[in-house]
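Novice: I am sharing structure.cif, which consists of mmCIF, C-alpha atoms and all ligand atoms:
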data_final
#
loop_
_atom_site.label_atom_id
_atom_site.label_comp_id
_atom_site.auth_asym_id
_atom_site.auth_seq_id
_atom_site.Cartn_x
_atom_site.Cartn_y
_atom_site.Cartn_z
CA MET A 24 -149.27 80.06 -18.71
CA THR A 25 -146.01 78.11 -18.38
CA LEU A 26 -145.88 74.63 -19.80
CA ALA A 27 -143.33 72.49 -17.95
CA LEU A 28 -142.15 68.97 -18.67
CA TYR A 29 -140.43 66.87 -16.01
CA GLY A 30 -138.23 64.15 -17.43
CA HIS A 31 -134.72 63.13 -18.39
CA PRO A 32 -133.04 63.48 -21.82
CA PHE A 33 -132.05 59.78 -21.86
CA SER A 34 -135.51 58.51 -20.93
CA SER A 35 -137.49 56.90 -23.73
CA TYR A 36 -140.85 57.97 -22.32
CA THR A 37 -139.57 61.53 -21.89
CA TRP A 38 -138.77 61.53 -25.62
CA LYS A 39 -142.35 60.49 -26.27
CA ALA A 40 -143.55 63.75 -24.66
CA LEU A 41 -140.71 65.90 -26.03
CA ILE A 42 -141.30 64.90 -29.67
CA PRO A 43 -144.77 66.55 -29.91
CA LEU A 44 -143.56 69.61 -28.00
CA TYR A 45 -140.65 70.03 -30.45
CA ALA A 46 -142.75 69.16 -33.52
CA ASN A 47 -145.30 71.83 -32.66
CA SER A 48 -142.69 74.37 -31.50
CA ALA A 49 -144.44 74.66 -28.13
CA ALA A 50 -142.80 76.96 -25.60
CA PHE A 51 -142.05 74.93 -22.47
CA GLU A 52 -139.60 74.62 -19.61
CA PHE A 53 -137.72 71.34 -19.29
CA ARG A 54 -137.30 70.29 -15.67
CA GLU A 55 -134.66 67.58 -15.51
CA VAL A 56 -135.27 64.79 -13.02
CA GLY A 57 -131.91 63.88 -11.53
CA PRO A 58 -129.54 64.40 -8.62
CA ASP A 59 -128.88 68.05 -9.55
CA HIS A 60 -132.56 68.93 -9.06
CA PRO A 61 -133.96 66.98 -6.08
CA GLN A 62 -137.08 69.19 -6.10
CA HIS A 63 -137.98 67.87 -9.57
CA ALA A 64 -137.70 64.23 -8.44
CA LYS A 65 -139.78 65.10 -5.37
CA PHE A 66 -142.49 66.64 -7.54
CA VAL A 67 -142.60 63.62 -9.87
CA LYS A 68 -142.81 61.25 -6.90
CA GLN A 69 -145.95 62.91 -5.66
CA ALA A 70 -147.45 63.55 -9.11
CA HIS A 71 -147.31 59.96 -10.43
CA PRO A 72 -148.56 56.86 -8.55
CA ALA A 73 -145.32 55.02 -9.34
CA GLY A 74 -143.09 58.11 -9.33
CA LYS A 75 -142.47 57.83 -13.06
CA PHE A 76 -141.80 60.52 -15.63
CA PRO A 77 -142.60 62.31 -17.92
CA VAL A 78 -145.00 64.61 -16.08
CA LEU A 79 -146.47 67.65 -17.82
CA VAL A 80 -147.68 70.70 -15.92
CA ASP A 81 -149.93 73.03 -17.89
CA GLY A 82 -151.15 75.81 -15.64
CA ASP A 83 -153.39 74.14 -13.04
CA THR A 84 -153.40 70.82 -14.88
CA THR A 85 -150.91 68.02 -14.24
CA MET A 86 -150.79 65.23 -16.82
CA ILE A 87 -149.00 61.93 -16.30
CA GLU A 88 -148.40 59.00 -18.67
CA ALA A 89 -146.78 59.86 -21.97
CA THR A 90 -149.73 58.87 -24.16
CA SER A 91 -152.08 61.10 -22.16
CA ILE A 92 -149.56 63.92 -22.36
CA VAL A 93 -149.56 63.64 -26.17
CA GLU A 94 -153.39 63.61 -26.14
CA HIS A 95 -153.38 66.72 -23.91
CA LEU A 96 -150.96 68.52 -26.23
CA ALA A 97 -153.08 67.58 -29.27
CA LEU A 98 -156.13 69.15 -27.63
CA HIS A 99 -154.67 72.21 -25.89
CA HIS A 100 -151.49 73.06 -27.83
CA PRO A 101 -152.20 72.15 -31.46
CA GLY A 102 -149.71 72.96 -34.18
CA PRO A 103 -148.61 71.68 -37.57
CA ALA A 104 -148.05 68.12 -36.29
CA PRO A 105 -151.42 66.34 -36.40
CA LEU A 106 -150.67 64.10 -33.32
CA ILE A 107 -154.17 62.51 -33.33
CA PRO A 108 -155.94 62.12 -36.71
CA ALA A 109 -159.24 64.02 -36.93
CA ASP A 110 -161.01 60.99 -38.42
CA PRO A 111 -162.25 58.84 -35.48
CA ALA A 112 -161.50 55.54 -37.23
CA GLN A 113 -157.93 56.64 -38.00
CA ALA A 114 -157.60 57.93 -34.44
CA ALA A 115 -158.59 54.48 -33.12
CA VAL A 116 -155.90 52.83 -35.27
CA THR A 117 -153.39 55.42 -34.07
CA ARG A 118 -154.20 54.59 -30.46
CA MET A 119 -153.98 50.85 -31.18
CA LEU A 120 -150.46 51.25 -32.61
CA ASP A 121 -149.47 53.42 -29.64
CA ARG A 122 -150.38 50.48 -27.37
CA VAL A 123 -148.40 48.05 -29.55
CA PHE A 124 -145.25 50.22 -29.38
CA ASP A 125 -145.57 50.82 -25.62
CA ASN A 126 -146.60 47.35 -24.48
CA TYR A 127 -144.65 45.11 -26.82
CA VAL A 128 -141.71 47.10 -28.24
CA MET A 129 -140.92 49.25 -25.19
CA GLY A 130 -142.08 46.54 -22.76
CA SER A 131 -139.91 43.78 -24.28
CA MET A 132 -136.89 46.09 -24.58
CA GLN A 133 -137.35 47.14 -20.95
CA ARG A 134 -137.45 43.49 -19.84
CA VAL A 135 -133.90 43.02 -21.14
CA VAL A 136 -132.75 46.35 -19.70
CA ASN A 137 -134.25 45.45 -16.31
CA ALA A 138 -132.37 42.14 -16.28
CA TYR A 139 -129.11 44.12 -16.59
CA ILE A 140 -130.22 46.64 -13.96
CA ALA A 141 -130.94 43.74 -11.57
CA ASN A 142 -127.56 42.11 -12.21
CA LYS A 143 -125.15 43.80 -14.61
CA GLU A 144 -122.55 41.00 -14.57
CA THR A 145 -124.85 37.99 -14.81
CA PRO A 146 -128.30 39.11 -16.00
CA ASP A 147 -131.02 36.45 -15.85
CA PRO A 148 -130.75 34.59 -19.21
CA GLU A 149 -134.45 33.64 -19.14
CA GLU A 150 -135.50 37.29 -18.82
CA ILE A 151 -133.15 38.29 -21.64
CA ALA A 152 -134.45 35.49 -23.90
CA ALA A 153 -138.07 36.41 -23.12
CA GLY A 154 -137.48 40.10 -23.86
CA LYS A 155 -135.65 39.40 -27.12
CA ASP A 156 -138.28 36.88 -28.20
CA GLY A 157 -140.97 39.49 -27.49
CA LEU A 158 -139.11 41.97 -29.69
CA LEU A 159 -138.80 39.53 -32.60
CA ARG A 160 -142.51 38.72 -32.33
CA VAL A 161 -143.56 42.38 -32.35
CA TYR A 162 -141.14 43.25 -35.19
CA ARG A 163 -142.81 40.53 -37.29
CA TRP A 164 -146.30 41.70 -36.30
CA LEU A 165 -145.40 45.26 -37.29
CA GLU A 166 -143.86 44.09 -40.58
CA THR A 167 -147.11 42.34 -41.50
CA TRP A 168 -149.19 45.33 -40.41
CA LEU A 169 -147.05 47.77 -42.39
CA GLU A 170 -147.30 45.58 -45.48
CA ALA A 171 -151.10 45.91 -45.48
CA ASN A 172 -151.70 49.34 -43.92
CA THR A 173 -150.49 52.94 -43.96
CA LEU A 174 -149.35 54.84 -40.89
CA PRO A 175 -150.90 58.22 -40.02
CA PRO A 176 -148.74 61.11 -41.24
CA HIS A 177 -145.88 62.30 -38.99
CA VAL A 178 -145.75 63.61 -36.38
CA SER A 179 -148.55 61.57 -34.82
CA LEU A 180 -148.99 59.75 -31.54
CA VAL A 181 -147.60 56.72 -33.41
CA THR A 182 -144.41 58.64 -34.25
CA CYS A 183 -144.07 59.64 -30.60
CA ALA A 184 -144.39 56.01 -29.46
CA ALA A 185 -142.44 54.39 -32.31
CA ALA A 186 -139.35 56.62 -32.29
CA PRO A 187 -138.04 56.00 -28.75
CA SER A 188 -139.18 52.39 -28.57
CA LEU A 189 -137.64 51.34 -31.91
CA PHE A 190 -134.50 53.40 -31.19
CA TYR A 191 -133.68 51.52 -27.99
CA ALA A 192 -135.23 48.15 -28.99
CA ASP A 193 -132.86 47.89 -31.96
CA TRP A 194 -129.95 48.27 -29.53
CA VAL A 195 -131.22 45.27 -27.57
CA GLU A 196 -132.30 43.06 -30.50
CA ARG A 197 -131.49 44.24 -34.00
CA ILE A 198 -134.46 44.49 -36.35
CA PRO A 199 -133.89 41.41 -38.55
CA GLY A 200 -133.40 41.50 -42.31
CA ASP A 201 -136.82 39.96 -42.90
CA CYS A 202 -138.47 43.08 -41.37
CA PRO A 203 -137.35 45.76 -43.87
CA ARG A 204 -140.46 47.92 -43.32
CA VAL A 205 -139.80 48.10 -39.58
CA ALA A 206 -136.14 48.98 -40.17
CA ALA A 207 -137.22 51.65 -42.68
CA LEU A 208 -139.73 53.06 -40.20
CA ARG A 209 -137.01 53.34 -37.54
CA ALA A 210 -134.73 55.21 -39.98
CA GLU A 211 -137.62 57.44 -41.13
CA VAL A 212 -138.65 58.54 -37.64
CA LEU A 213 -135.05 59.06 -36.47
CA ALA A 214 -134.56 61.48 -39.39
CA LEU A 215 -137.45 63.73 -38.27
CA PRO A 216 -136.07 66.97 -36.73
CA ALA A 217 -138.07 66.58 -33.48
CA VAL A 218 -136.73 63.04 -32.99
CA ALA A 219 -133.16 63.85 -34.08
CA ARG A 220 -133.13 66.53 -31.39
CA CYS A 221 -134.03 63.95 -28.71
CA VAL A 222 -131.34 61.54 -29.99
CA ASP A 223 -128.72 64.31 -29.85
CA ASP A 224 -129.75 65.53 -26.39
CA ALA A 225 -129.44 61.96 -25.09
CA ARG A 226 -125.98 61.32 -26.59
CA PRO A 227 -124.00 62.31 -23.45
CA TYR A 228 -125.81 59.63 -21.43
CA ARG A 229 -125.28 56.62 -23.70
CA ALA A 230 -122.83 54.99 -21.30
CA TRP A 231 -125.78 54.63 -18.91
CA PHE A 232 -127.56 52.09 -21.16
CA PRO A 233 -127.45 49.00 -18.94
CA PRO A 234 -126.78 46.34 -21.65
CA GLY A 235 -124.21 48.69 -23.29
CA ALA A 236 -124.87 51.09 -26.18
CA PRO A 237 -123.65 50.11 -29.66
CA ASP A 238 -121.35 52.48 -31.55
CA ARG A 239 -123.95 53.70 -34.06
CA ASP A 240 -127.02 55.94 -34.47
N1 LIG B 301 -146.27 54.25 -18.35
C1 LIG B 301 -145.38 55.36 -18.16
C2 LIG B 301 -143.95 54.83 -18.15
C3 LIG B 301 -142.97 55.89 -17.75
C4 LIG B 301 -141.61 55.30 -17.39
O1 LIG B 301 -141.39 54.09 -17.35
N2 LIG B 301 -140.67 56.23 -17.10
C5 LIG B 301 -139.35 55.84 -16.68
C6 LIG B 301 -138.31 56.61 -17.48
S1 LIG B 301 -138.33 56.15 -19.20
C7 LIG B 301 -139.15 56.23 -15.23
O2 LIG B 301 -139.83 57.10 -14.73
N3 LIG B 301 -138.21 55.59 -14.56
C8 LIG B 301 -137.84 55.95 -13.20
C9 LIG B 301 -138.60 55.19 -12.17
O3 LIG B 301 -139.35 54.26 -12.51
O4 LIG B 301 -138.37 55.50 -10.99
C10 LIG B 301 -145.60 56.40 -19.26
O5 LIG B 301 -146.14 56.04 -20.32
O6 LIG B 301 -145.30 57.59 -19.07
#
Could you show the structure in this file as structure tokens?
Specialist:
Amino acid sequence: MTLALYGHPFSSYTWKALIPLYANSAAFEFREVGPDHPQHAKFVKQAHPAGKFPVLVDGDTTMIEATSIVEHLALHHPGPAPLIPADPAQAAVTRMLDRVFDNYVMGSMQRVVNAYIANKETPDPEEIAAGKDGLLRVYRWLETWLEANTLPPHVSLVTCAAAPSLFYADWVERIPGDCPRVAALRAEVLALPAVARCVDDARPYRAWFPPGAPDRD
């Protein structure tokens, strides 16, 4: 049965679904959502209540929301990457960290990006300050958490959430020097083959990054 993923190579949440597919060498068809494939955008619009991607189609099953897609892949397409720890207590921690990366790293980064999308020349300074402040707060929370705890082994749901969110968040607000564990985590996940593949596939689109992409990574 064909596995198909709708998304875009530059989209952070698409990376979140691509990373487990790559890490477990799953055979799938990538259906790019963009002007060259209006039928893909049309499908996504009807598949997701807000028309967002990624969307995974697995035979008769359609999965939306990146976290749920990772959970689906863990259950139905297992491979060497553990994705969700077998131990229920570790799985609960994994899901907690997934929420932290989505809601506070991705969410704060997106707030700044959205301010530039709304007005590229004069983005709302209050929105930018709020997004950057949110990033500094979550970096410090993560630093404290990492000091006292150990992450589940890669590639887990945490890897899938951390890699795209920390990649783009650091472009918006650099991880400060007093958060060395967070900076090390970003470097560690970007070096994983499944993540490096996403970074490389997204390279041609860097000029699209609304606040402007830095000349690194
Ligand atoms: N909560 C969703 C967020 C997905 C999301 O924000 N996707 C963005 C791309 S990274 C999107 O579809 N943007 C286009 C749109 O909103 O029309 C998830 O976890 O999958």
Novice: Between A:Val56, A:Leu28, A:Val93, A:Val123, which one has atoms that come closest to Asp81 of chain A, using all atoms listed in the file?
Specialist: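 Comparing A:Val56, A:Leu28, A:Val93, A:Val123 against Asp81 of chain A, the winner is A:Leu28.
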Novice: Enumerate as a list in words the residues within 6 Å of ligand LIG 301 (chain B), counting all atoms listed in the file.
Specialist: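 Checked against 6 Å with all atoms listed in the file; the hits are Ser34, Ser35, Tyr36, Gly74, Lys75, Phe76, Pro77, Glu88, Ala89 and Thr90 of chain A.
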Novice: Between atom CA of Gly30 of chain A and atom CA of Phe53 of chain A, what is the distance, to one decimal in Å?
Specialist: 7.4 Å
Novice: Separation of atom CA of Glu196 of chain A and atom CA of Lys155 of chain A, in Å?
Specialist: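 A separation of 6.0 Å between them.
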Novice: Excluding Ser179 of chain A and any residue of its chain fewer than 5 positions from it, enumerate the residues within 6 Å of it, using only C-alpha atoms, and give them as a list in words.
Specialist: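 With the cut-off at 6 Å, the set is Pro105, Leu106 and Ile107 of chain A.
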Novice: Is there a way to complete segment 58-69 of chain A with all heavy atoms and then write that out as a short mmCIF file (atom, residue, chain, number, x, y, z; two decimals), in the frame of the given file?
Specialist:
data_model
loop_
_atom_site.label_atom_id
_atom_site.label_comp_id
_atom_site.auth_asym_id
_atom_site.auth_seq_id
_atom_site.Cartn_x
_atom_site.Cartn_y
_atom_site.Cartn_z
N PRO A 58 -130.13 63.99 -9.90
CA PRO A 58 -129.54 64.40 -8.62
C PRO A 58 -129.29 65.90 -8.48
O PRO A 58 -129.26 66.43 -7.37
CB PRO A 58 -128.21 63.62 -8.57
CG PRO A 58 -128.01 63.05 -9.93
CD PRO A 58 -129.32 63.03 -10.63
N ASP A 59 -129.14 66.60 -9.63
CA ASP A 59 -128.88 68.05 -9.55
C ASP A 59 -130.13 68.84 -9.19
O ASP A 59 -130.04 70.03 -8.85
CB ASP A 59 -128.36 68.58 -10.90
CG ASP A 59 -126.99 68.03 -11.22
OD1 ASP A 59 -126.34 67.52 -10.28
OD2 ASP A 59 -126.58 68.09 -12.39
N HIS A 60 -131.31 68.21 -9.31
CA HIS A 60 -132.56 68.93 -9.06
C HIS A 60 -133.49 68.07 -8.20
O HIS A 60 -134.52 67.57 -8.69
CB HIS A 60 -133.27 69.26 -10.39
CG HIS A 60 -132.38 69.97 -11.38
ND1 HIS A 60 -132.11 71.31 -11.30
CD2 HIS A 60 -131.71 69.50 -12.44
CE1 HIS A 60 -131.30 71.64 -12.29
NE2 HIS A 60 -131.04 70.56 -12.99
N PRO A 61 -133.15 67.88 -6.93
CA PRO A 61 -133.96 66.98 -6.08
C PRO A 61 -135.42 67.42 -6.00
O PRO A 61 -136.31 66.58 -5.85
CB PRO A 61 -133.27 67.04 -4.71
CG PRO A 61 -132.30 68.18 -4.78
CD PRO A 61 -132.01 68.46 -6.21
N GLN A 62 -135.68 68.72 -6.17
CA GLN A 62 -137.08 69.19 -6.10
C GLN A 62 -137.90 68.66 -7.27
O GLN A 62 -139.11 68.45 -7.14
CB GLN A 62 -137.13 70.73 -6.01
CG GLN A 62 -136.81 71.50 -7.26
CD GLN A 62 -135.30 71.65 -7.55
OE1 GLN A 62 -134.46 70.91 -7.05
NE2 GLN A 62 -134.96 72.63 -8.41
N HIS A 63 -137.26 68.40 -8.41
CA HIS A 63 -137.98 67.87 -9.57
C HIS A 63 -138.36 66.40 -9.31
O HIS A 63 -139.48 65.98 -9.60
CB HIS A 63 -137.14 67.98 -10.84
CG HIS A 63 -136.85 69.40 -11.22
ND1 HIS A 63 -135.92 69.75 -12.17
CD2 HIS A 63 -137.38 70.59 -10.78
CE1 HIS A 63 -135.87 71.05 -12.31
NE2 HIS A 63 -136.75 71.59 -11.46
N ALA A 64 -137.42 65.64 -8.76
CA ALA A 64 -137.70 64.23 -8.44
C ALA A 64 -138.80 64.15 -7.38
O ALA A 64 -139.70 63.31 -7.46
CB ALA A 64 -136.44 63.55 -7.95
N LYS A 65 -138.77 65.08 -6.44
CA LYS A 65 -139.78 65.10 -5.37
C LYS A 65 -141.17 65.37 -5.97
O LYS A 65 -142.16 64.73 -5.60
CB LYS A 65 -139.40 66.21 -4.36
CG LYS A 65 -140.16 66.15 -3.08
CD LYS A 65 -139.64 67.19 -2.10
CE LYS A 65 -140.65 67.35 -0.98
NZ LYS A 65 -140.55 68.63 -0.32
N PHE A 66 -141.21 66.30 -6.91
CA PHE A 66 -142.49 66.64 -7.54
C PHE A 66 -143.05 65.43 -8.29
O PHE A 66 -144.24 65.09 -8.17
CB PHE A 66 -142.33 67.83 -8.51
CG PHE A 66 -143.61 68.15 -9.22
CD1 PHE A 66 -144.60 68.89 -8.58
CD2 PHE A 66 -143.86 67.65 -10.49
CE1 PHE A 66 -145.81 69.15 -9.22
CE2 PHE A 66 -145.06 67.90 -11.13
CZ PHE A 66 -146.04 68.65 -10.50
N VAL A 67 -142.17 64.77 -9.07
CA VAL A 67 -142.60 63.62 -9.87
C VAL A 67 -143.12 62.50 -8.95
O VAL A 67 -144.12 61.85 -9.25
CB VAL A 67 -141.43 63.14 -10.77
CG1 VAL A 67 -141.68 61.75 -11.32
CG2 VAL A 67 -141.21 64.14 -11.91
N LYS A 68 -142.44 62.31 -7.84
CA LYS A 68 -142.81 61.25 -6.90
C LYS A 68 -144.23 61.44 -6.37
O LYS A 68 -144.98 60.48 -6.19
CB LYS A 68 -141.81 61.25 -5.74
CG LYS A 68 -141.59 59.89 -5.15
CD LYS A 68 -140.42 59.92 -4.21
CE LYS A 68 -140.33 58.55 -3.53
NZ LYS A 68 -139.24 58.44 -2.62
N GLN A 69 -144.59 62.69 -6.18
CA GLN A 69 -145.95 62.91 -5.66
C GLN A 69 -146.99 63.04 -6.79
O GLN A 69 -148.18 62.82 -6.58
CB GLN A 69 -146.01 64.09 -4.66
CG GLN A 69 -145.57 65.45 -5.15
CD GLN A 69 -146.67 66.22 -5.88
OE1 GLN A 69 -147.85 65.98 -5.68
NE2 GLN A 69 -146.27 67.13 -6.74
#
